[in-house]
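Raw contents of coords.pdb, PDB, C-alpha atoms:
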```pdb
ATOM      1  CA  MET H   1       1.902  13.853  12.172  1.00  0.00           C
ATOM      2  CA  SER H   2       3.922  15.603   9.543  1.00  0.00           C
ATOM      3  CA  TYR H   3       6.391  13.875   7.241  1.00  0.00           C
ATOM      4  CA  LYS H   4       9.894  13.611   8.657  1.00  0.00           C
ATOM      5  CA  PRO H   5      12.495  12.266   6.201  1.00  0.00           C
ATOM      6  CA  SER H   6      13.713   8.770   6.927  1.00  0.00           C
ATOM      7  CA  LYS H   7      16.738   8.345   9.158  1.00  0.00           C
ATOM      8  CA  SER H   8      17.326   4.887   7.670  1.00  0.00           C
ATOM      9  CA  LEU H   9      20.867   3.568   8.080  1.00  0.00           C
ATOM     10  CA  MET H  10      20.582   2.164   4.543  1.00  0.00           C
ATOM     11  CA  LEU H  11      19.925   5.630   3.152  1.00  0.00           C
ATOM     12  CA  LYS H  12      22.788   7.137   5.155  1.00  0.00           C
ATOM     13  CA  LEU H  13      25.193   4.471   3.896  1.00  0.00           C
ATOM     14  CA  TRP H  14      24.014   4.942   0.315  1.00  0.00           C
ATOM     15  CA  LYS H  15      24.520   8.714   0.493  1.00  0.00           C
ATOM     16  CA  ILE H  16      28.088   8.160   1.692  1.00  0.00           C
ATOM     17  CA  PHE H  17      29.145   5.172  -0.442  1.00  0.00           C
ATOM     18  CA  GLY H  18      26.629   4.861  -3.298  1.00  0.00           C
ATOM     19  CA  GLY H  19      28.604   6.997  -5.734  1.00  0.00           C
ATOM     20  CA  PHE H  20      31.366   4.417  -6.070  1.00  0.00           C
ATOM     21  CA  ALA H  21      31.273   0.812  -7.304  1.00  0.00           C
ATOM     22  CA  ILE H  22      33.101  -0.472  -4.232  1.00  0.00           C
ATOM     23  CA  GLY H  23      30.802   1.618  -2.035  1.00  0.00           C
ATOM     24  CA  ARG H  24      27.680   0.110  -3.621  1.00  0.00           C
ATOM     25  CA  TRP H  25      29.182  -3.321  -3.018  1.00  0.00           C
ATOM     26  CA  ILE H  26      29.820  -2.430   0.653  1.00  0.00           C
ATOM     27  CA  VAL H  27      26.241  -1.184   1.113  1.00  0.00           C
ATOM     28  CA  GLY H  28      24.904  -4.367  -0.487  1.00  0.00           C
ATOM     29  CA  LYS H  29      27.029  -6.503   1.818  1.00  0.00           C
ATOM     30  CA  ALA H  30      25.845  -4.509   4.852  1.00  0.00           C
ATOM     31  CA  LEU H  31      22.241  -5.027   3.778  1.00  0.00           C
ATOM     32  CA  CYS H  32      22.759  -8.775   3.401  1.00  0.00           C
ATOM     33  CA  PHE H  33      24.526  -8.911   6.768  1.00  0.00           C
ATOM     34  CA  THR H  34      21.471  -7.297   8.374  1.00  0.00           C
ATOM     35  CA  ALA H  35      19.050  -9.658   6.592  1.00  0.00           C
ATOM     36  CA  PRO H  36      21.194 -12.691   5.637  1.00  0.00           C
ATOM     37  CA  TYR H  37      18.600 -14.487   3.527  1.00  0.00           C
ATOM     38  CA  PHE H  38      18.848 -11.771   0.869  1.00  0.00           C
ATOM     39  CA  GLY H  39      22.477 -12.767   0.378  1.00  0.00           C
ATOM     40  CA  THR H  40      21.297 -15.872  -1.464  1.00  0.00           C
ATOM     41  CA  ILE H  41      20.513 -13.761  -4.547  1.00  0.00           C
ATOM     42  CA  LYS H  42      23.653 -11.563  -4.314  1.00  0.00           C
ATOM     43  CA  PRO H  43      21.838  -8.312  -5.083  1.00  0.00           C
ATOM     44  CA  LYS H  44      23.647  -5.368  -6.625  1.00  0.00           C
ATOM     45  CA  LEU H  45      22.073  -2.034  -5.682  1.00  0.00           C
ATOM     46  CA  ILE H  46      21.841   0.437  -8.566  1.00  0.00           C
ATOM     47  CA  ILE H  47      19.480   3.224  -7.414  1.00  0.00           C
ATOM     48  CA  VAL H  48      18.553   3.928  -3.796  1.00  0.00           C
ATOM     49  CA  LYS H  49      16.502   7.062  -3.196  1.00  0.00           C
ATOM     50  CA  PRO H  50      13.182   7.749  -1.490  1.00  0.00           C
ATOM     51  CA  GLY H  51      10.426   6.378  -3.690  1.00  0.00           C
ATOM     52  CA  HIS H  52      12.745   4.490  -6.061  1.00  0.00           C
ATOM     53  CA  VAL H  53      14.948   1.444  -5.624  1.00  0.00           C
ATOM     54  CA  GLU H  54      16.592  -0.580  -8.369  1.00  0.00           C
ATOM     55  CA  LEU H  55      18.824  -3.583  -8.035  1.00  0.00           C
ATOM     56  CA  THR H  56      20.099  -6.376 -10.226  1.00  0.00           C
ATOM     57  CA  ILE H  57      20.703 -10.053  -9.748  1.00  0.00           C
ATOM     58  CA  LYS H  58      22.838 -12.285 -11.936  1.00  0.00           C
ATOM     59  CA  LYS H  59      21.520 -15.420 -13.549  1.00  0.00           C
ATOM     60  CA  ARG H  60      23.800 -18.002 -11.974  1.00  0.00           C
ATOM     61  CA  ARG H  61      23.544 -21.626 -10.935  1.00  0.00           C
ATOM     62  CA  ALA H  62      22.602 -20.814  -7.316  1.00  0.00           C
ATOM     63  CA  VAL H  63      19.320 -19.207  -8.450  1.00  0.00           C
ATOM     64  CA  TYR H  64      18.460 -21.708 -11.211  1.00  0.00           C
ATOM     65  CA  ASN H  65      15.341 -23.800 -11.374  1.00  0.00           C
ATOM     66  CA  HIS H  66      15.115 -27.106 -13.265  1.00  0.00           C
ATOM     67  CA  LEU H  67      14.874 -25.177 -16.576  1.00  0.00           C
ATOM     68  CA  LYS H  68      18.160 -23.338 -15.913  1.00  0.00           C
ATOM     69  CA  SER H  69      16.265 -20.054 -15.686  1.00  0.00           C
ATOM     70  CA  VAL H  70      15.972 -17.805 -12.623  1.00  0.00           C
ATOM     71  CA  HIS H  71      13.804 -19.499 -10.016  1.00  0.00           C
ATOM     72  CA  ALA H  72      10.491 -17.885  -9.137  1.00  0.00           C
ATOM     73  CA  ILE H  73      11.369 -17.693  -5.453  1.00  0.00           C
ATOM     74  CA  ALA H  74      14.653 -15.899  -6.234  1.00  0.00           C
ATOM     75  CA  MET H  75      12.546 -13.266  -8.003  1.00  0.00           C
ATOM     76  CA  CYS H  76      10.203 -13.109  -4.986  1.00  0.00           C
ATOM     77  CA  ASN H  77      13.226 -12.626  -2.740  1.00  0.00           C
ATOM     78  CA  ALA H  78      14.538  -9.792  -4.945  1.00  0.00           C
ATOM     79  CA  ALA H  79      11.096  -8.167  -5.063  1.00  0.00           C
ATOM     80  CA  GLU H  80      10.740  -8.254  -1.282  1.00  0.00           C
ATOM     81  CA  LEU H  81      14.225  -6.806  -0.884  1.00  0.00           C
ATOM     82  CA  SER H  82      13.579  -3.900  -3.251  1.00  0.00           C
ATOM     83  CA  ALA H  83      10.212  -3.094  -1.668  1.00  0.00           C
ATOM     84  CA  GLY H  84      11.664  -3.334   1.840  1.00  0.00           C
ATOM     85  CA  VAL H  85      14.523  -0.985   1.049  1.00  0.00           C
ATOM     86  CA  CYS H  86      12.153   1.371  -0.776  1.00  0.00           C
ATOM     87  CA  ILE H  87       9.749   1.692   2.134  1.00  0.00           C
ATOM     88  CA  ASP H  88      12.554   1.839   4.683  1.00  0.00           C
ATOM     89  CA  ILE H  89      14.258   4.802   3.024  1.00  0.00           C
ATOM     90  CA  SER H  90      11.002   6.553   2.074  1.00  0.00           C
ATOM     91  CA  LEU H  91       8.829   6.243   5.156  1.00  0.00           C
ATOM     92  CA  SER H  92       8.553   9.110   7.615  1.00  0.00           C
ATOM     93  CA  ASP H  93      10.828   8.648  10.598  1.00  0.00           C
ATOM     94  CA  ASP H  94       7.749   8.517  12.861  1.00  0.00           C
ATOM     95  CA  PHE H  95       6.682   5.167  11.353  1.00  0.00           C
ATOM     96  CA  ARG H  96       7.829   1.576  11.155  1.00  0.00           C
ATOM     97  CA  TRP H  97       6.910  -1.154   8.667  1.00  0.00           C
ATOM     98  CA  ILE H  98       6.621  -4.888   8.192  1.00  0.00           C
ATOM     99  CA  PRO H  99       5.698  -6.920   5.095  1.00  0.00           C
ATOM    100  CA  ILE H 100       2.354  -8.708   5.461  1.00  0.00           C
ATOM    101  CA  GLY H 101       1.664 -10.086   2.009  1.00  0.00           C
ATOM    102  CA  MET H 102       2.782 -10.557  -1.552  1.00  0.00           C
ATOM    103  CA  THR H 103       0.948 -11.388  -4.753  1.00  0.00           C
ATOM    104  CA  VAL H 104       3.022 -12.290  -7.771  1.00  0.00           C
ATOM    105  CA  GLN H 105       2.670 -12.850 -11.482  1.00  0.00           C
ATOM    106  CA  TYR H 106       5.188 -14.908 -13.416  1.00  0.00           C
ATOM    107  CA  LEU H 107       4.969 -13.396 -16.887  1.00  0.00           C
ATOM    108  CA  LYS H 108       7.862 -14.977 -18.824  1.00  0.00           C
ATOM    109  CA  ILE H 109      10.731 -17.350 -18.225  1.00  0.00           C
ATOM    110  CA  ALA H 110      13.643 -15.385 -16.768  1.00  0.00           C
ATOM    111  CA  LYS H 111      16.601 -16.504 -18.895  1.00  0.00           C
ATOM    112  CA  THR H 112      19.031 -13.613 -18.245  1.00  0.00           C
ATOM    113  CA  ASP H 113      20.326 -11.374 -15.491  1.00  0.00           C
ATOM    114  CA  LEU H 114      17.465  -9.357 -13.983  1.00  0.00           C
ATOM    115  CA  ARG H 115      16.719  -5.735 -13.045  1.00  0.00           C
ATOM    116  CA  ILE H 116      14.277  -5.276 -10.168  1.00  0.00           C
ATOM    117  CA  ILE H 117      12.486  -1.933  -9.815  1.00  0.00           C
ATOM    118  CA  CYS H 118      10.262  -0.650  -7.000  1.00  0.00           C
ATOM    119  CA  LYS H 119       8.819   2.839  -7.481  1.00  0.00           C
ATOM    120  CA  ILE H 120       6.251   4.693  -5.425  1.00  0.00           C
ATOM    121  CA  ASP H 121       5.024   8.232  -5.955  1.00  0.00           C
ATOM    122  CA  LYS H 122       3.498   8.912  -2.551  1.00  0.00           C
ATOM    123  CA  PHE H 123       5.218   8.136   0.723  1.00  0.00           C
ATOM    124  CA  ASP H 124       4.004  10.778   3.140  1.00  0.00           C
ATOM    125  CA  TRP H 125       1.499   8.602   4.967  1.00  0.00           C
ATOM    126  CA  GLN H 126       0.035  10.223   8.060  1.00  0.00           C
ATOM    127  CA  GLU H 127      -1.529   7.263   9.839  1.00  0.00           C
ATOM    128  CA  ALA H 128      -1.300   3.513  10.227  1.00  0.00           C
ATOM    129  CA  GLU H 129      -2.370   1.681   7.092  1.00  0.00           C
ATOM    130  CA  ASP H 130      -1.516  -1.120   4.719  1.00  0.00           C
ATOM    131  CA  VAL H 131       0.254   0.089   1.586  1.00  0.00           C
ATOM    132  CA  VAL H 132       1.013  -1.803  -1.613  1.00  0.00           C
ATOM    133  CA  LEU H 133       4.385  -1.401  -3.284  1.00  0.00           C
ATOM    134  CA  PRO H 134       4.577  -2.538  -6.918  1.00  0.00           C
ATOM    135  CA  VAL H 135       7.747  -4.286  -8.063  1.00  0.00           C
ATOM    136  CA  ASP H 136       8.602  -5.135 -11.661  1.00  0.00           C
ATOM    137  CA  VAL H 137      11.373  -7.447 -12.837  1.00  0.00           C
ATOM    138  CA  TYR H 138      12.896  -7.113 -16.304  1.00  0.00           C
ATOM    139  CA  ASP H 139      15.290  -9.277 -18.295  1.00  0.00           C
ATOM    140  CA  ASN H 140      18.234  -7.969 -20.342  1.00  0.00           C
ATOM    141  CA  ALA H 141      15.937  -7.338 -23.344  1.00  0.00           C
ATOM    142  CA  HIS H 142      13.718  -5.110 -21.140  1.00  0.00           C
ATOM    143  CA  ASN H 143      10.885  -7.654 -21.154  1.00  0.00           C
ATOM    144  CA  LYS H 144       8.854  -7.699 -17.962  1.00  0.00           C
ATOM    145  CA  VAL H 145       9.191 -11.262 -16.638  1.00  0.00           C
ATOM    146  CA  PHE H 146       7.641 -10.866 -13.176  1.00  0.00           C
ATOM    147  CA  HIS H 147       5.429  -8.505 -11.206  1.00  0.00           C
ATOM    148  CA  ALA H 148       4.773  -8.390  -7.468  1.00  0.00           C
ATOM    149  CA  ASP H 149       2.511  -6.297  -5.285  1.00  0.00           C
ATOM    150  CA  ILE H 150       3.972  -6.310  -1.793  1.00  0.00           C
ATOM    151  CA  THR H 151       1.763  -5.178   1.050  1.00  0.00           C
ATOM    152  CA  MET H 152       3.494  -3.417   3.915  1.00  0.00           C
ATOM    153  CA  ARG H 153       1.829  -2.539   7.193  1.00  0.00           C
ATOM    154  CA  ILE H 154       2.971   0.849   8.412  1.00  0.00           C
ATOM    155  CA  SER H 155       2.310   2.036  11.911  1.00  0.00           C
ATOM    156  CA  PRO H 156       3.535   4.789  14.221  1.00  0.00           C
ATOM    157  CA  LYS H 157       6.679   3.966  16.152  1.00  0.00           C
ATOM    158  CA  PRO H 158       6.000   3.451  19.854  1.00  0.00           C
ATOM    159  CA  SER H 159       6.707   6.493  22.013  1.00  0.00           C
ATOM    160  CA  GLN H 160      10.104   6.508  23.683  1.00  0.00           C
ATOM    161  CA  PRO H 161      10.018   7.319  27.425  1.00  0.00           C
TER     162      PRO H 161
END
```
For this file, write the structure as C-alpha coordinates.
Amino acid sequence: MSYKPSKSLMLKLWKIFGGFAIGRWIVGKALCFTAPYFGTIKPKLIIVKPGHVELTIKKRRAVYNHLKSVHAIAMCNAAELSAGVCIDISLSDDFRWIPIGMTVQYLKIAKTDLRIICKIDKFDWQEAEDVVLPVDVYDNAHNKVFHADITMRISPKPSQP
(Lines of atoms letter the chains of each structure in order from A and count residues from 1; the text may use other names and numbers.)
(Lines give C-alpha, C1' and ligand atoms only; values in the text may rest on other atoms or scores of the structure.)
Protein backbone atom coordinates (compact mmCIF):
# COMPACT_ATOMS: atom_id res chain seq x y z
CA MET A 1 0.00 0.00 0.00
CA SER A 2 1.16 3.51 -0.63
CA TYR A 3 0.48 6.43 1.68
CA LYS A 4 -2.79 8.22 1.00
CA PRO A 5 -3.30 11.42 3.02
CA SER A 6 -5.90 11.18 5.74
CA LYS A 7 -9.48 12.07 4.90
CA SER A 8 -10.18 12.70 8.59
CA LEU A 9 -13.20 14.90 9.28
CA MET A 10 -11.18 16.52 12.08
CA LEU A 11 -8.50 17.58 9.62
CA LYS A 12 -11.08 18.89 7.15
CA LEU A 13 -12.78 20.94 9.86
CA TRP A 14 -9.44 22.29 11.08
CA LYS A 15 -8.43 23.37 7.57
CA ILE A 16 -11.71 25.27 7.23
CA PHE A 17 -12.09 26.74 10.73
CA GLY A 18 -8.70 26.47 12.46
CA GLY A 19 -7.49 29.91 11.41
CA PHE A 20 -10.00 31.69 13.62
CA ALA A 21 -10.50 31.61 17.40
CA ILE A 22 -14.21 30.89 17.07
CA GLY A 23 -13.43 28.23 14.46
CA ARG A 24 -10.97 26.47 16.78
CA TRP A 25 -13.64 26.55 19.47
CA ILE A 26 -16.17 25.01 17.04
CA VAL A 27 -13.74 22.24 16.05
CA GLY A 28 -13.04 21.51 19.71
CA LYS A 29 -16.75 21.30 20.45
CA ALA A 30 -17.28 18.98 17.47
CA LEU A 31 -14.48 16.75 18.72
CA CYS A 32 -15.99 16.59 22.21
CA PHE A 33 -19.43 15.88 20.73
CA THR A 34 -17.95 12.90 18.87
CA ALA A 35 -16.13 11.62 21.97
CA PRO A 36 -18.01 13.21 24.91
CA TYR A 37 -15.64 12.11 27.67
CA PHE A 38 -12.96 14.48 26.34
CA GLY A 39 -15.31 17.36 27.12
CA THR A 40 -14.52 16.91 30.80
CA ILE A 41 -11.14 18.61 30.30
CA LYS A 42 -12.44 21.35 27.94
CA PRO A 43 -9.53 21.10 25.51
CA LYS A 44 -8.50 24.04 23.36
CA LEU A 45 -6.86 22.96 20.10
CA ILE A 46 -3.82 25.04 19.13
CA ILE A 47 -2.03 23.11 16.35
CA VAL A 48 -3.61 20.36 14.25
CA LYS A 49 -1.51 19.08 11.36
CA PRO A 50 -0.30 15.64 10.31
CA GLY A 51 2.40 14.56 12.74
CA HIS A 52 1.80 17.38 15.24
CA VAL A 53 -1.05 18.17 17.59
CA GLU A 54 -1.03 20.67 20.44
CA LEU A 55 -3.82 21.55 22.79
CA THR A 56 -4.22 23.27 26.13
CA ILE A 57 -6.34 22.68 29.17
CA LYS A 58 -7.08 25.17 31.92
CA LYS A 59 -6.36 24.47 35.55
CA ARG A 60 -9.86 24.73 36.99
CA ARG A 61 -11.78 23.15 39.83
CA ALA A 62 -13.31 20.41 37.63
CA VAL A 63 -9.85 18.91 36.97
CA TYR A 64 -8.41 19.39 40.48
CA ASN A 65 -7.13 16.65 42.72
CA HIS A 66 -6.99 16.92 46.52
CA LEU A 67 -3.87 19.14 46.22
CA LYS A 68 -5.69 21.65 43.99
CA SER A 69 -3.38 20.75 41.11
CA VAL A 70 -4.39 19.15 37.80
CA HIS A 71 -5.42 15.55 38.41
CA ALA A 72 -3.30 12.81 36.88
CA ILE A 73 -6.26 11.30 35.05
CA ALA A 74 -7.12 14.67 33.47
CA MET A 75 -3.59 14.67 32.06
CA CYS A 76 -4.07 11.08 30.83
CA ASN A 77 -7.31 12.15 29.16
CA ALA A 78 -5.57 15.09 27.44
CA ALA A 79 -2.69 12.85 26.34
CA GLU A 80 -5.04 10.28 24.83
CA LEU A 81 -6.95 13.02 23.05
CA SER A 82 -3.84 14.57 21.51
CA ALA A 83 -2.46 11.19 20.41
CA GLY A 84 -5.83 10.14 18.99
CA VAL A 85 -6.21 13.31 16.96
CA CYS A 86 -2.57 13.08 15.84
CA ILE A 87 -2.89 9.54 14.52
CA ASP A 88 -6.32 10.19 13.04
CA ILE A 89 -5.14 13.13 10.93
CA SER A 90 -1.77 11.56 10.06
CA LEU A 91 -2.59 7.97 9.22
CA SER A 92 -2.97 6.87 5.61
CA ASP A 93 -6.59 6.72 4.54
CA ASP A 94 -6.21 2.96 3.97
CA PHE A 95 -5.81 2.35 7.73
CA ARG A 96 -7.78 2.60 10.94
CA TRP A 97 -6.58 2.82 14.54
CA ILE A 98 -7.51 2.10 18.13
CA PRO A 99 -5.62 2.83 21.36
CA ILE A 100 -4.44 -0.34 23.12
CA GLY A 101 -2.21 0.93 25.90
CA MET A 102 -0.71 3.84 27.74
CA THR A 103 2.29 4.19 30.03
CA VAL A 104 2.66 7.41 31.94
CA GLN A 105 5.16 9.27 34.07
CA TYR A 106 4.08 11.94 36.52
CA LEU A 107 7.13 14.18 36.66
CA LYS A 108 6.00 17.25 38.65
CA ILE A 109 2.87 18.59 40.27
CA ALA A 110 0.80 20.37 37.61
CA LYS A 111 -0.07 23.69 39.26
CA THR A 112 -0.93 25.77 36.16
CA ASP A 113 -2.75 25.58 32.85
CA LEU A 114 -1.18 22.89 30.65
CA ARG A 115 0.06 22.51 27.06
CA ILE A 116 -0.16 18.99 25.64
CA ILE A 117 2.02 18.10 22.65
CA CYS A 118 2.03 14.96 20.49
CA LYS A 119 4.61 14.87 17.69
CA ILE A 120 5.56 12.05 15.38
CA ASP A 121 8.05 12.17 12.53
CA LYS A 122 6.99 9.08 10.60
CA PHE A 123 3.40 8.26 9.74
CA ASP A 124 3.56 6.42 6.44
CA TRP A 125 3.08 2.94 7.84
CA GLN A 126 2.55 0.28 5.19
CA GLU A 127 1.21 -2.61 7.24
CA ALA A 128 -0.64 -3.46 10.42
CA GLU A 129 1.44 -2.77 13.51
CA ASP A 130 1.42 -1.27 16.96
CA VAL A 131 2.87 2.23 17.06
CA VAL A 132 3.82 4.35 20.06
CA LEU A 133 2.96 8.04 20.11
CA PRO A 134 4.85 10.14 22.67
CA VAL A 135 2.94 12.91 24.44
CA ASP A 136 4.49 15.56 26.67
CA VAL A 137 2.64 17.91 29.00
CA TYR A 138 4.14 21.25 30.05
CA ASP A 139 3.13 23.84 32.63
CA ASN A 140 3.15 27.61 32.06
CA ALA A 141 6.86 27.79 32.99
CA HIS A 142 7.64 25.22 30.24
CA ASN A 143 8.46 22.51 32.79
CA LYS A 144 7.59 19.02 31.65
CA VAL A 145 5.11 17.73 34.26
CA PHE A 146 3.92 14.53 32.56
CA HIS A 147 4.90 12.13 29.79
CA ALA A 148 2.85 9.40 28.15
CA ASP A 149 3.61 6.78 25.54
CA ILE A 150 0.34 5.79 23.92
CA THR A 151 0.26 2.61 21.89
CA MET A 152 -2.09 2.58 18.92
CA ARG A 153 -2.90 -0.49 16.88
CA ILE A 154 -3.14 0.36 13.20
CA SER A 155 -4.62 -2.01 10.70
CA PRO A 156 -5.89 -1.88 7.12
CA LYS A 157 -9.50 -0.80 6.75
CA PRO A 158 -11.75 -3.67 5.69
CA SER A 159 -12.48 -3.79 1.97
CA GLN A 160 -15.75 -2.18 0.93
CA PRO A 161 -17.90 -4.34 -1.39
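Using all atoms listed in the file, the smallest distance between any of H:Leu91, H:Leu55, H:Ile117, H:Ala128 and Lys7 (chain H) comes from H:Leu91.
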One decimal place gives the CA of Gly84 (chain H)-CA of Ile98 (chain H) separation as 8.3 Å
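What separates CA of Val135 (chain H) from CA of Ser82 (chain H) is a distance of 7.6 Å.
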Where does the PyMOL selection byres ((chain H and resi 153) around 8) land in this file, that is, which residues does it pick, as a list in words?
->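 That expression, the PyMOL selection byres ((chain H and resi 153) around 8), corresponds here to Trp97, Ile98, Pro99, Ile100, Ala128, Glu129, Asp130, Val131, Thr151, Met152, Ile154 and Ser155 of chain H.
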Selected residues written out, C-alpha atoms, as a JSON list (two decimals), in the coordinates of the input:
```
[["chain", "number", "residue", "atom", "x", "y", "z"],
["H", 97, "TRP", "CA", 6.91, -1.15, 8.67],
["H", 98, "ILE", "CA", 6.62, -4.89, 8.19],
["H", 99, "PRO", "CA", 5.70, -6.92, 5.10],
["H", 100, "ILE", "CA", 2.35, -8.71, 5.46],
["H", 128, "ALA", "CA", -1.30, 3.51, 10.23],
["H", 129, "GLU", "CA", -2.37, 1.68, 7.09],
["H", 130, "ASP", "CA", -1.52, -1.12, 4.72],
["H", 131, "VAL", "CA", 0.25, 0.09, 1.59],
["H", 151, "THR", "CA", 1.76, -5.18, 1.05],
["H", 152, "MET", "CA", 3.49, -3.42, 3.92],
["H", 154, "ILE", "CA", 2.97, 0.85, 8.41],
["H", 155, "SER", "CA", 2.31, 2.04, 11.91]]
```
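Using the PyMOL selection byres ((chain H and resi 18) around 12) on this structure selects Met10, Leu11, Lys12, Leu13, Trp14, Lys15, Ile16, Phe17, Gly19, Phe20, Ala21, Ile22, Gly23, Arg24, Trp25, Ile26, Val27, Gly28, Lys44, Leu45, Ile46, Ile47, Val48 and Lys49 of chain H.
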Export, as a JSON list (two decimals), in the frame of the given file, the selected residues with C-alpha atoms.
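Saved as result-v2.json:
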```
[["chain", "number", "residue", "atom", "x", "y", "z"],
["H", 10, "MET", "CA", 20.58, 2.16, 4.54],
["H", 11, "LEU", "CA", 19.92, 5.63, 3.15],
["H", 12, "LYS", "CA", 22.79, 7.14, 5.16],
["H", 13, "LEU", "CA", 25.19, 4.47, 3.90],
["H", 14, "TRP", "CA", 24.01, 4.94, 0.32],
["H", 15, "LYS", "CA", 24.52, 8.71, 0.49],
["H", 16, "ILE", "CA", 28.09, 8.16, 1.69],
["H", 17, "PHE", "CA", 29.14, 5.17, -0.44],
["H", 19, "GLY", "CA", 28.60, 7.00, -5.73],
["H", 20, "PHE", "CA", 31.37, 4.42, -6.07],
["H", 21, "ALA", "CA", 31.27, 0.81, -7.30],
["H", 22, "ILE", "CA", 33.10, -0.47, -4.23],
["H", 23, "GLY", "CA", 30.80, 1.62, -2.04],
["H", 24, "ARG", "CA", 27.68, 0.11, -3.62],
["H", 25, "TRP", "CA", 29.18, -3.32, -3.02],
["H", 26, "ILE", "CA", 29.82, -2.43, 0.65],
["H", 27, "VAL", "CA", 26.24, -1.18, 1.11],
["H", 28, "GLY", "CA", 24.90, -4.37, -0.49],
["H", 44, "LYS", "CA", 23.65, -5.37, -6.62],
["H", 45, "LEU", "CA", 22.07, -2.03, -5.68],
["H", 46, "ILE", "CA", 21.84, 0.44, -8.57],
["H", 47, "ILE", "CA", 19.48, 3.22, -7.41],
["H", 48, "VAL", "CA", 18.55, 3.93, -3.80],
["H", 49, "LYS", "CA", 16.50, 7.06, -3.20]]
```
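Neighbouring residues of Tyr138 (chain H) at 7 Å or closer, counting only C-alpha atoms and skipping chain neighbours under 6 positions away, are Leu114, Arg115, Ile116, Lys144 and Val145 of chain H.
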**Report entry** Pick from H:Asp149, H:Asp121, H:Asp93, H:Glu127, whichever lies nearest to Lys4 (chain H) using all atoms listed in the file
**Finding:**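 Among the listed residues, H:Asp93 lies closest to Lys4 (chain H).
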TODO: Quote the spacing between CA of Gln105 (chain H) and CA of Phe146 (chain H) in Å to one decimal place.
DONE: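 Calculated distance between CA of Gln105 (chain H) and CA of Phe146 (chain H) is 5.6 Å.
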Using only C-alpha atoms, the shortest atom-to-atom distance to Ser6 (chain H) among H:Val132, H:Cys76, H:Ala141, H:Ile89 belongs to H:Ile89
I'd like to know which of H:Val70, H:Val63, H:Leu9, H:Val137 is closest to Lys111 (chain H), using all atoms listed in the file.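 Nearest to Lys111 (chain H): H:Val70.
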Take the PyMOL selection byres ((chain H and resi 106) around 9), run it mentally on this structure, and tell me the resulting residues as a PyMOL selection string.
chain H and resi 72+104-105+107-109+145-148
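Nearest residue to Ala30 (chain H), choosing from H:Arg60, H:Lys119, H:His66, H:Lys42 and counting only C-alpha atoms: H:Lys42.
Closest approach to Pro134 (chain H) among H:Thr40, H:Ser8, H:Thr103, H:Ser92 is made by H:Thr103 (distances from all atoms listed in the file).
Residue neighbourhood of Ala83 (chain H), excluding near-sequence residues (fewer than 4 positions): Val53, Ala79, Ile87, Cys118, Leu133, Pro134, Val135 and Ile150 of chain H, at 8 Å, using only C-alpha atoms.
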